[in-house]
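> Below is the file upload.txt, with compact mmCIF, C-alpha atoms and all ligand atoms.
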# COMPACT_ATOMS: atom_id res chain seq x y z
CA MET A 8 7.57 -22.67 17.00
CA LYS A 9 9.64 -20.09 18.90
CA GLN A 10 12.13 -17.96 16.95
CA LEU A 11 14.53 -15.54 18.54
CA LEU A 12 15.95 -12.62 16.59
CA LYS A 13 18.91 -11.49 18.71
CA ASN A 14 21.69 -8.88 18.84
CA ALA A 15 19.45 -6.45 16.99
CA ARG A 16 18.60 -2.81 17.29
CA ILE A 17 14.82 -2.43 17.39
CA LEU A 18 12.62 0.49 16.38
CA SER A 19 9.13 -0.57 17.42
CA MET A 20 7.21 2.54 16.21
CA GLY A 21 4.89 1.99 19.18
CA GLN A 22 3.95 4.98 21.36
CA ASP A 23 7.51 6.25 21.42
CA ASN A 24 10.29 6.00 18.86
CA GLN A 25 13.02 4.90 21.25
CA ILE A 26 15.50 2.47 19.73
CA LEU A 27 16.45 -0.57 21.79
CA ASP A 28 20.13 -1.57 21.53
CA ASP A 29 21.51 -5.10 21.91
CA ALA A 30 17.93 -6.26 21.82
CA TYR A 31 15.94 -9.37 20.99
CA LEU A 32 12.53 -10.05 19.56
CA LEU A 33 10.83 -13.36 20.35
CA ILE A 34 8.33 -14.74 17.82
CA ASP A 35 5.94 -17.41 19.06
CA GLY A 36 4.09 -18.94 16.12
CA SER A 37 2.89 -16.02 14.03
CA MET A 38 3.03 -13.39 16.77
CA ILE A 39 5.49 -11.18 18.59
CA ALA A 40 5.74 -12.63 22.10
CA GLN A 41 8.43 -10.48 23.69
CA ILE A 42 10.83 -7.63 22.96
CA GLY A 43 13.68 -6.76 25.30
CA SER A 44 17.30 -5.91 25.90
CA GLY A 45 19.98 -7.96 27.62
CA GLN A 46 19.67 -11.67 28.38
CA PRO A 47 17.30 -13.33 25.86
CA PRO A 48 14.84 -16.04 26.95
CA GLU A 49 15.68 -19.75 26.61
CA GLY A 50 13.82 -22.73 25.11
CA ILE A 51 14.04 -21.41 21.55
CA ASP A 52 13.63 -23.51 18.38
CA GLU A 53 15.46 -21.16 16.02
CA VAL A 54 17.90 -18.34 16.72
CA VAL A 55 18.79 -15.71 14.10
CA ASP A 56 21.66 -13.30 14.68
CA MET A 57 20.63 -9.75 13.68
CA LYS A 58 23.96 -8.07 14.47
CA ASP A 59 24.33 -4.73 12.63
CA ARG A 60 20.64 -4.80 11.69
CA LEU A 61 17.75 -2.62 12.69
CA LEU A 62 14.38 -4.35 13.09
CA LEU A 63 11.33 -2.26 12.32
CA PRO A 64 7.68 -2.88 11.35
CA GLY A 65 7.12 -4.07 7.79
CA LEU A 66 6.23 -1.28 5.35
CA ILE A 67 2.58 -1.02 4.29
CA ASN A 68 1.69 0.02 0.75
CA THR A 69 -1.92 1.23 0.90
CA HIS A 70 -2.58 1.74 -2.82
CA SER A 71 -1.34 -0.26 -5.76
CA HIS A 72 -2.27 -1.98 -8.99
CA ALA A 73 0.34 -4.71 -8.73
CA ALA A 74 -0.04 -6.25 -12.18
CA MET A 75 0.83 -2.89 -13.76
CA THR A 76 4.50 -3.82 -13.32
CA LEU A 77 4.05 -5.24 -16.85
CA LEU A 78 3.36 -1.65 -18.01
CA ARG A 79 6.38 -0.04 -16.34
CA GLY A 80 7.79 2.45 -18.82
CA PHE A 81 5.00 1.69 -21.31
CA ALA A 82 3.71 5.27 -21.36
CA ASP A 83 5.52 8.01 -19.51
CA ASP A 84 5.12 11.76 -19.18
CA LEU A 85 1.39 12.05 -19.87
CA PRO A 86 -1.43 13.54 -17.78
CA LEU A 87 -3.75 11.10 -15.99
CA GLN A 88 -6.75 11.07 -18.34
CA THR A 89 -4.68 10.73 -21.54
CA TRP A 90 -2.50 8.11 -19.87
CA LEU A 91 -5.53 6.11 -18.73
CA GLU A 92 -7.79 6.45 -21.78
CA GLU A 93 -5.22 6.28 -24.57
CA LYS A 94 -2.53 4.06 -23.09
CA MET A 95 -3.51 2.01 -20.02
CA TRP A 96 -7.12 0.98 -20.70
CA PRO A 97 -6.50 -0.26 -24.28
CA ILE A 98 -3.65 -2.57 -23.24
CA GLU A 99 -5.30 -3.59 -19.96
CA GLY A 100 -8.27 -4.64 -22.09
CA ARG A 101 -5.99 -7.33 -23.54
CA PHE A 102 -4.82 -8.51 -20.09
CA GLY A 103 -6.03 -11.95 -19.06
CA PRO A 104 -5.36 -14.02 -15.93
CA GLU A 105 -1.79 -14.83 -17.08
CA GLN A 106 -0.80 -11.16 -17.37
CA VAL A 107 -2.26 -10.38 -13.95
CA LYS A 108 -0.70 -13.46 -12.38
CA TRP A 109 2.85 -12.80 -13.57
CA GLY A 110 2.63 -9.00 -13.33
CA THR A 111 1.52 -9.37 -9.73
CA ALA A 112 4.22 -11.95 -8.99
CA LEU A 113 6.81 -9.49 -10.30
CA ALA A 114 5.32 -6.78 -8.08
CA VAL A 115 5.37 -9.06 -5.07
CA VAL A 116 9.08 -9.80 -5.62
CA GLU A 117 9.78 -6.06 -5.85
CA MET A 118 7.71 -5.28 -2.78
CA ILE A 119 9.24 -7.98 -0.59
CA ARG A 120 12.73 -6.93 -1.67
CA SER A 121 11.99 -3.35 -0.63
CA GLY A 122 10.51 -4.23 2.77
CA VAL A 123 6.77 -4.30 2.14
CA THR A 124 4.91 -6.82 4.28
CA CYS A 125 1.35 -5.74 3.47
CA TYR A 126 -0.22 -4.08 0.44
CA ALA A 127 -3.60 -2.97 -0.84
CA ASP A 128 -4.41 -3.86 -4.42
CA MET A 129 -7.20 -2.80 -6.77
CA TYR A 130 -7.36 -4.56 -10.13
CA ASP A 131 -9.08 -7.14 -12.36
CA HIS A 132 -8.62 -10.96 -12.32
CA MET A 133 -8.22 -10.69 -8.57
CA ASP A 134 -8.33 -14.45 -7.97
CA GLU A 135 -4.86 -14.50 -9.54
CA VAL A 136 -3.67 -11.64 -7.33
CA ALA A 137 -4.95 -13.37 -4.20
CA GLN A 138 -3.43 -16.72 -5.19
CA VAL A 139 0.01 -15.22 -5.88
CA THR A 140 -0.13 -13.27 -2.61
CA VAL A 141 -1.02 -16.36 -0.58
CA GLU A 142 1.79 -18.35 -2.21
CA ALA A 143 4.29 -15.55 -1.53
CA GLY A 144 3.17 -15.34 2.12
CA LEU A 145 2.49 -11.57 1.98
CA ARG A 146 -0.41 -9.87 3.72
CA ALA A 147 -2.86 -7.90 1.57
CA ARG A 148 -6.19 -6.04 1.46
CA LEU A 149 -7.50 -6.83 -2.03
CA CYS A 150 -10.37 -5.55 -4.15
CA ARG A 151 -11.69 -5.99 -7.66
CA GLY A 152 -11.75 -2.44 -9.04
CA VAL A 153 -14.91 -1.76 -11.01
CA ILE A 154 -15.28 0.79 -13.77
CA GLY A 155 -18.97 1.39 -14.50
CA LEU A 156 -18.71 3.02 -17.92
CA GLY A 157 -20.21 0.09 -19.88
CA SER A 158 -23.78 -1.20 -20.36
CA SER A 159 -25.92 -1.91 -17.32
CA GLU A 160 -25.39 -5.63 -17.92
CA GLU A 161 -21.60 -5.13 -17.87
CA GLN A 162 -21.91 -3.01 -14.75
CA GLU A 163 -23.88 -5.70 -12.95
CA ASN A 164 -21.50 -8.47 -13.99
CA LYS A 165 -18.52 -6.55 -12.66
CA ARG A 166 -20.32 -5.72 -9.42
CA ARG A 167 -21.27 -9.36 -8.88
CA GLU A 168 -17.70 -10.43 -9.62
CA ALA A 169 -16.38 -7.89 -7.10
CA VAL A 170 -18.77 -9.10 -4.42
CA GLN A 171 -17.97 -12.74 -5.14
CA PHE A 172 -14.24 -12.07 -4.91
CA ALA A 173 -14.60 -10.09 -1.68
CA ARG A 174 -16.72 -12.82 -0.13
CA ASN A 175 -14.58 -15.77 -1.28
CA TRP A 176 -11.20 -14.44 -0.25
CA ASN A 177 -11.85 -12.46 2.95
CA GLY A 178 -9.84 -14.25 5.67
CA ALA A 179 -7.98 -16.55 3.24
CA GLY A 180 -4.29 -17.41 3.68
CA GLU A 181 -4.74 -17.95 7.43
CA GLY A 182 -6.22 -14.45 7.71
CA ARG A 183 -3.49 -12.66 5.76
CA ILE A 184 -5.88 -11.82 2.92
CA THR A 185 -8.71 -9.41 3.62
CA THR A 186 -10.87 -7.68 1.06
CA MET A 187 -12.70 -4.44 0.19
CA LEU A 188 -15.09 -3.19 -2.49
CA ALA A 189 -13.75 -0.70 -5.00
CA PRO A 190 -15.74 1.57 -7.28
CA HIS A 191 -12.76 2.86 -9.28
CA ALA A 192 -13.53 6.62 -9.12
CA PRO A 193 -16.41 9.12 -9.19
CA TYR A 194 -15.63 9.81 -12.88
CA THR A 195 -15.84 6.14 -13.92
CA CYS A 196 -18.82 5.03 -11.80
CA PRO A 197 -22.30 6.57 -12.13
CA PRO A 198 -23.87 7.67 -8.81
CA ASP A 199 -26.46 4.88 -8.62
CA TYR A 200 -23.73 2.32 -9.28
CA ILE A 201 -21.65 3.69 -6.39
CA GLU A 202 -24.75 3.53 -4.17
CA ARG A 203 -25.26 -0.14 -5.02
CA ILE A 204 -21.64 -0.88 -4.17
CA VAL A 205 -21.99 0.97 -0.84
CA SER A 206 -24.96 -1.25 -0.08
CA ASP A 207 -22.91 -4.36 -0.99
CA ALA A 208 -20.16 -3.16 1.35
CA GLU A 209 -22.73 -2.81 4.11
CA ASP A 210 -24.03 -6.34 3.48
CA LEU A 211 -20.51 -7.79 3.55
CA ASN A 212 -19.32 -5.49 6.34
CA LEU A 213 -16.27 -4.48 4.31
CA PRO A 214 -14.48 -1.19 3.66
CA ILE A 215 -14.59 0.79 0.42
CA HIS A 216 -11.53 1.80 -1.58
CA ILE A 217 -11.79 4.51 -4.27
CA HIS A 218 -9.65 7.00 -6.23
CA MET A 219 -10.75 10.56 -5.40
CA SER A 220 -9.78 14.14 -6.28
CA GLU A 221 -6.58 13.08 -7.98
CA THR A 222 -6.43 15.89 -10.56
CA ARG A 223 -7.81 19.40 -10.92
CA ALA A 224 -9.57 18.26 -14.14
CA GLU A 225 -11.35 15.48 -12.22
CA VAL A 226 -12.73 17.99 -9.71
CA GLU A 227 -13.87 20.36 -12.49
CA THR A 228 -15.60 17.53 -14.39
CA ASN A 229 -17.36 16.40 -11.21
CA VAL A 230 -18.66 19.92 -10.61
CA LYS A 231 -19.88 20.14 -14.23
CA GLU A 232 -21.62 16.74 -14.15
CA TYR A 233 -22.99 16.63 -10.62
CA GLY A 234 -22.86 20.23 -9.35
CA VAL A 235 -20.52 19.38 -6.46
CA ARG A 236 -16.88 18.47 -5.91
CA PRO A 237 -15.93 14.78 -5.46
CA VAL A 238 -15.81 14.86 -1.64
CA GLU A 239 -19.36 16.17 -1.28
CA HIS A 240 -20.51 13.89 -4.12
CA LEU A 241 -19.23 10.75 -2.35
CA GLU A 242 -20.55 11.98 0.98
CA ARG A 243 -24.04 12.35 -0.54
CA LEU A 244 -23.82 8.84 -1.99
CA GLY A 245 -23.18 7.45 1.49
CA VAL A 246 -19.65 6.25 0.77
CA PHE A 247 -18.21 7.80 3.93
CA ASN A 248 -20.78 6.05 6.12
CA ARG A 249 -18.66 2.96 5.47
CA PRO A 250 -15.02 2.64 6.55
CA THR A 251 -13.36 4.17 3.48
CA LEU A 252 -9.85 4.45 2.08
CA VAL A 253 -9.42 7.10 -0.62
CA ALA A 254 -6.41 7.14 -2.90
CA HIS A 255 -4.80 10.51 -3.75
CA ALA A 256 -7.01 13.31 -2.30
CA VAL A 257 -4.68 15.82 -3.98
CA HIS A 258 -7.22 18.55 -4.75
CA VAL A 259 -9.11 18.94 -1.49
CA THR A 260 -10.04 22.18 0.29
CA GLU A 261 -9.75 22.98 4.02
CA GLU A 262 -13.50 22.32 4.40
CA GLU A 263 -13.20 19.00 2.60
CA ILE A 264 -10.26 17.98 4.79
CA GLN A 265 -12.43 18.78 7.81
CA MET A 266 -15.24 16.62 6.44
CA LEU A 267 -12.89 13.72 5.70
CA ALA A 268 -11.47 13.98 9.23
CA GLU A 269 -14.94 14.02 10.79
CA TYR A 270 -15.98 10.89 8.88
CA GLY A 271 -12.68 9.15 9.75
CA VAL A 272 -11.92 8.64 6.05
CA LYS A 273 -8.47 7.13 5.51
CA ILE A 274 -6.11 8.62 2.94
CA SER A 275 -3.51 6.92 0.75
CA HIS A 276 -1.00 9.59 -0.26
CA ASN A 277 0.85 8.59 -3.45
CA PRO A 278 3.53 11.26 -3.88
CA GLY A 279 5.59 9.47 -6.56
CA SER A 280 2.63 8.80 -8.83
CA ASN A 281 1.14 12.27 -8.29
CA LEU A 282 4.45 13.92 -9.20
CA LYS A 283 5.03 11.77 -12.28
CA LEU A 284 1.53 12.27 -13.69
CA GLY A 285 1.77 15.98 -12.86
CA SER A 286 -1.39 15.69 -10.77
CA GLY A 287 -0.28 17.98 -7.95
CA ILE A 288 0.77 17.59 -4.33
CA ALA A 289 -1.73 16.54 -1.66
CA PRO A 290 -2.08 18.93 1.32
CA ILE A 291 -0.65 16.43 3.80
CA PRO A 292 0.41 19.00 6.45
CA ALA A 293 -3.16 20.37 6.55
CA MET A 294 -4.52 16.83 6.85
CA LEU A 295 -2.15 16.10 9.74
CA LYS A 296 -3.27 19.33 11.45
CA ALA A 297 -6.90 18.18 11.07
CA GLY A 298 -6.07 14.92 12.86
CA ILE A 299 -5.99 12.71 9.75
CA ARG A 300 -3.18 10.16 9.74
CA PRO A 301 -2.41 9.72 6.01
CA SER A 302 -0.81 6.53 4.80
CA LEU A 303 1.40 5.97 1.76
CA GLY A 304 0.99 4.09 -1.51
CA THR A 305 3.01 3.61 -4.64
CA ASP A 306 0.07 3.36 -7.08
CA GLY A 307 0.91 1.11 -10.06
CA ALA A 308 4.43 0.74 -11.45
CA ALA A 309 3.25 2.38 -14.69
CA SER A 310 2.87 5.75 -12.95
CA ASN A 311 5.65 5.66 -10.37
CA ASN A 312 7.68 3.73 -11.83
CA ASN A 313 8.64 1.44 -8.96
CA LEU A 314 7.03 -0.06 -5.85
CA ASP A 315 9.65 1.21 -3.42
CA MET A 316 7.99 2.35 -0.19
CA LEU A 317 11.22 3.73 1.25
CA GLU A 318 11.19 6.13 -1.70
CA GLU A 319 7.56 7.14 -0.95
CA ILE A 320 8.47 7.70 2.71
CA ARG A 321 11.37 9.94 1.70
CA LEU A 322 9.25 11.82 -0.84
CA ALA A 323 6.58 12.40 1.81
CA ALA A 324 9.21 13.75 4.20
CA LEU A 325 10.76 16.02 1.55
CA ILE A 326 8.18 17.44 -0.84
CA HIS A 327 5.92 19.03 1.76
CA LYS A 328 8.89 20.78 3.36
CA GLY A 329 9.63 22.30 -0.05
CA VAL A 330 6.05 23.25 -0.89
CA GLN A 331 5.37 24.75 2.54
CA GLU A 332 8.84 26.27 2.90
CA ASP A 333 8.77 24.63 6.32
CA PRO A 334 11.31 21.97 7.37
CA GLU A 335 8.85 20.79 10.04
CA ALA A 336 5.98 20.20 7.57
CA VAL A 337 6.30 16.39 7.68
CA PRO A 338 8.92 15.33 10.24
CA ALA A 339 10.89 12.11 9.67
CA GLU A 340 9.02 10.23 12.37
CA THR A 341 5.67 11.15 10.83
CA ALA A 342 6.84 10.04 7.38
CA LEU A 343 7.91 6.67 8.76
CA ARG A 344 4.59 6.28 10.58
CA MET A 345 2.82 7.04 7.29
CA GLY A 346 4.60 4.00 5.85
CA THR A 347 3.94 1.76 8.88
CA SER A 348 1.40 2.38 11.67
CA PHE A 349 -0.76 4.88 9.70
CA GLY A 350 -0.76 2.33 6.86
CA ALA A 351 -2.11 -0.32 9.21
CA GLU A 352 -4.90 2.08 10.25
CA ALA A 353 -5.69 2.90 6.61
CA LEU A 354 -6.24 -0.80 5.89
CA PHE A 355 -8.24 -1.28 9.12
CA LEU A 356 -5.60 -3.74 10.33
CA ASP A 357 -4.03 -1.73 13.15
CA HIS A 358 -5.21 -4.24 15.76
CA ALA A 359 -2.80 -6.73 14.14
CA ILE A 360 0.10 -4.94 12.42
CA GLY A 361 1.89 -1.59 12.01
CA THR A 362 4.11 -1.60 15.13
CA LEU A 363 6.42 -4.09 16.80
CA GLU A 364 4.67 -4.90 20.07
CA PRO A 365 3.91 -8.12 21.94
CA GLY A 366 0.52 -9.42 20.83
CA LYS A 367 0.84 -8.15 17.27
CA GLN A 368 1.57 -10.32 14.23
CA ALA A 369 5.28 -10.76 13.51
CA ASP A 370 5.36 -8.62 10.33
CA LEU A 371 8.80 -7.04 10.38
CA ILE A 372 11.88 -6.21 8.38
CA SER A 373 15.57 -5.83 9.05
CA VAL A 374 17.72 -3.09 7.56
CA ASP A 375 21.49 -3.41 7.24
CA LEU A 376 23.29 -0.69 9.18
CA THR A 377 26.79 -1.22 7.81
CA GLY A 378 26.58 0.82 4.58
CA ALA A 379 28.70 3.97 4.33
CA HIS A 380 25.49 5.95 3.81
CA MET A 381 24.19 4.74 7.22
CA GLN A 382 27.17 6.17 9.22
CA PRO A 383 27.45 7.36 11.88
CA PRO A 384 24.58 5.29 13.29
CA HIS A 385 23.38 7.79 15.88
CA ASP A 386 19.88 8.60 14.59
CA LEU A 387 18.61 5.47 12.90
CA LEU A 388 15.07 6.73 12.37
CA SER A 389 16.53 9.64 10.41
CA HIS A 390 18.73 7.27 8.39
CA ILE A 391 15.76 5.05 7.46
CA VAL A 392 13.80 8.05 6.18
CA TYR A 393 16.50 10.18 4.58
CA SER A 394 19.27 7.78 3.67
CA ALA A 395 18.39 4.08 3.46
CA GLY A 396 17.72 2.41 0.12
CA ARG A 397 15.78 -0.73 -0.76
CA ASP A 398 18.99 -2.78 -1.08
CA ASP A 399 19.56 -2.22 2.63
CA VAL A 400 16.49 -4.37 3.41
CA ARG A 401 17.89 -7.80 4.30
CA ASP A 402 15.12 -9.79 6.05
CA VAL A 403 11.34 -9.76 5.72
CA TYR A 404 8.94 -11.68 7.97
CA VAL A 405 5.15 -11.92 7.73
CA ASP A 406 3.24 -13.79 10.44
CA GLY A 407 6.66 -14.92 11.71
CA ILE A 408 7.44 -16.65 8.41
CA PRO A 409 10.61 -15.49 6.63
CA LEU A 410 9.86 -14.29 3.09
CA MET A 411 13.42 -13.00 2.63
CA GLN A 412 16.50 -13.94 4.66
CA ASN A 413 19.83 -12.25 4.12
CA GLY A 414 18.58 -10.88 0.81
CA GLU A 415 17.45 -14.31 -0.48
CA LEU A 416 13.77 -14.78 -1.29
CA CYS A 417 12.38 -17.79 0.57
CA THR A 418 8.96 -18.33 -1.02
CA LEU A 419 9.33 -17.23 -4.66
CA ASP A 420 11.35 -18.26 -7.71
CA GLU A 421 12.47 -14.82 -8.86
CA GLU A 422 14.12 -15.96 -12.08
CA LYS A 423 11.03 -17.87 -13.24
CA ILE A 424 8.81 -14.91 -12.35
CA ARG A 425 10.99 -12.52 -14.35
CA TYR A 426 10.89 -14.85 -17.36
CA GLU A 427 7.12 -15.50 -17.19
CA ALA A 428 6.33 -11.82 -16.69
CA LEU A 429 8.22 -10.87 -19.85
CA GLN A 430 6.45 -13.65 -21.78
CA ALA A 431 3.07 -12.46 -20.49
CA PHE A 432 3.84 -8.90 -21.61
CA GLU A 433 4.96 -10.10 -25.07
CA GLU A 434 1.52 -11.72 -25.53
CA VAL A 435 -0.37 -8.43 -25.16
CA LYS A 436 1.92 -5.71 -26.47
CA SER A 437 0.86 -4.83 -29.98
C1 LIG B 501 -10.36 -1.05 -12.42
S1 LIG B 501 -8.85 -1.67 -11.87
C2 LIG B 501 -7.87 -0.25 -11.52
C3 LIG B 501 -7.71 0.70 -12.65
O1 LIG B 501 -7.09 1.83 -12.13
C4 LIG B 501 -6.24 2.35 -13.12
N1 LIG B 501 -5.28 3.27 -12.52
C5 LIG B 501 -3.98 3.09 -12.31
N2 LIG B 501 -3.44 4.19 -11.76
C6 LIG B 501 -4.45 5.06 -11.62
C7 LIG B 501 -4.54 6.37 -11.13
O2 LIG B 501 -3.49 7.02 -10.68
N3 LIG B 501 -5.74 6.97 -11.13
C8 LIG B 501 -6.83 6.36 -11.61
N4 LIG B 501 -6.80 5.11 -12.10
C9 LIG B 501 -5.63 4.48 -12.10
C10 LIG B 501 -5.64 1.14 -13.75
O3 LIG B 501 -5.06 1.46 -14.99
C11 LIG B 501 -6.82 0.21 -13.81
O4 LIG B 501 -7.51 0.38 -15.01
ZN ZN B 502 -4.55 3.94 -8.39
With the file now loaded, output its structure as structure tokens.


Amino acid sequence: MKQLLKNARILSMGQDNQILDDAYLLIDGSMIAQIGSGQPPEGIDEVVDMKDRLLLPGLINTHSHAAMTLLRGFADDLPLQTWLEEKMWPIEGRFGPEQVKWGTALAVVEMIRSGVTCYADMYDHMDEVAQVTVEAGLRARLCRGVIGLGSSEEQENKRREAVQFARNWNGAGEGRITTMLAPHAPYTCPPDYIERIVSDAEDLNLPIHIHMSETRAEVETNVKEYGVRPVEHLERLGVFNRPTLVAHAVHVTEEEIQMLAEYGVKISHNPGSNLKLGSGIAPIPAMLKAGIRPSLGTDGAASNNNLDMLEEIRLAALIHKGVQEDPEAVPAETALRMGTSFGAEALFLDHAIGTLEPGKQADLISVDLTGAHMQPPHDLLSHIVYSAGRDDVRDVYVDGIPLMQNGELCTLDEEKIRYEALQAFEEVKS
């Protein structure tokens, strides 16, 4: 089927950031076939008028725990370890497939509404996450996060489950679902366990996703237990010999940044979560100088407390300017790339998504340009980064399929999801 989105303004985020005016984007099947200005092609099955809308690549959330929407506001204003050990892990221990299913569905509604077309998720009961994602039509890189603090039998069961999930779902949903393996963190997985997971990742030819150097306390504990900081620790365990995406990387030195750059390790910067948990601020300007292209993630809704990628993009553009006392620390264009094309690279999907270019999958969003806060419309990239809000997102397409049109969800029953999610939370709250 051929769909024509016409009368639009288009920000492709390809090599340059030029905006096309009075432009069209032709979708053939699941892919972008043509982008141009002026007279649109003929022989179209469906035409959508995008007057007063800016088309741009879908936003890519490279680190989340979707089902944690059920725990939004459950425990605020605590440091990471207390928050995890005393609040999150006890209630997550009572989560079953129903909690993960409806918590994830709620997250997926929130993400689509705020312009996310692809997300990475690390959690438990991942069959539910994958099923919900396929039904919603979103794209995702999914992994069963494993915490190796239990008996060796428990460890092995979780590892087998993670491998099974990664094998079963890689390529599902007409290729929209891909997978990874995820040892949760150096402080929750013993070294030999991480090594076994690296070897599984090699066997399956899949990337690794892991939390790393999120807090100063984590780094200090790692030094006490293993004699080295987390970056060197994971390097010694062979993690970086695989394509790897690390979440956070807040407490990393210049030398460590150099090492991560040399190994081509991908970074998911989670400014909202890091600020709320008081973890610190990742040295993003130094990473950019070293040639790393950091991506952006929300983390779970219990530490953020939303899944709004436009907010993460704005935070990334603002906080580093403040910390560095340098308004050029993270320019607007870089911040938007962190939420789009750098996100695609972080999920090893840049051959398919991240920019609007012929030959790529039609994963795109439209943003309404008529709001008072979007005037005058002379620098639209600036407005997206510094001014737009999630309610400005009007249309969301993945693989050329509309998931939201004119603010109406096309694939999900939002009211039912809201109801079921609250029920699922009631069952586990004590
Ligand atoms: C084993 S599934 C994922 C696991 O990660 C926990 N989690 C959520 N946010 C964070 C964070 O910022 N750092 C470390 N771990 C986090 C979540 O509660 C799940 O237990
Ligand atoms: Zn996380």

> Please return as a VMD selection string the residues found within 12 Å of ligand ZN 502 (chain B), counting all atoms listed in the file.

chain A and resid 68 to 75 87 91 95 127 to 130 150 152 189 to 192 216 to 221 252 to 256 275 to 281 284 303 to 311

> Counting only C-alpha atoms, figure out which residue out of A:Leu66, A:Val153, A:Ile39, A:Ala112 gets nearest to A:Glu422.

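Nearest candidate to A:Glu422 out of A:Leu66, A:Val153, A:Ile39, A:Ala112: A:Ala112.
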
> So that I can check the surroundings of A:Gly180, please list as a list in words every protein, DNA and RNA residue that reaches within 8 Å of it, counting all atoms listed in the file and ignoring chain neighbours fewer than 2 positions away.

Val141, Gly144, Gly178, Gly182, Arg183 and Ile184 of chain A

> In terms of the shortest atom-to-atom distance over only C-alpha atoms and all ligand atoms, which of A:Asp28, A:Glu105, A:Asp56, A:Asp131 is closest to ligand LIG 501 (chain B)?

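Closest residue, counting only C-alpha atoms and all ligand atoms: A:Asp131.
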
> Using all atoms listed in the file, which residue out of A:Arg146, A:Arg60, A:Arg249, A:Arg166 lies closest to A:Gly361?

A:Arg146
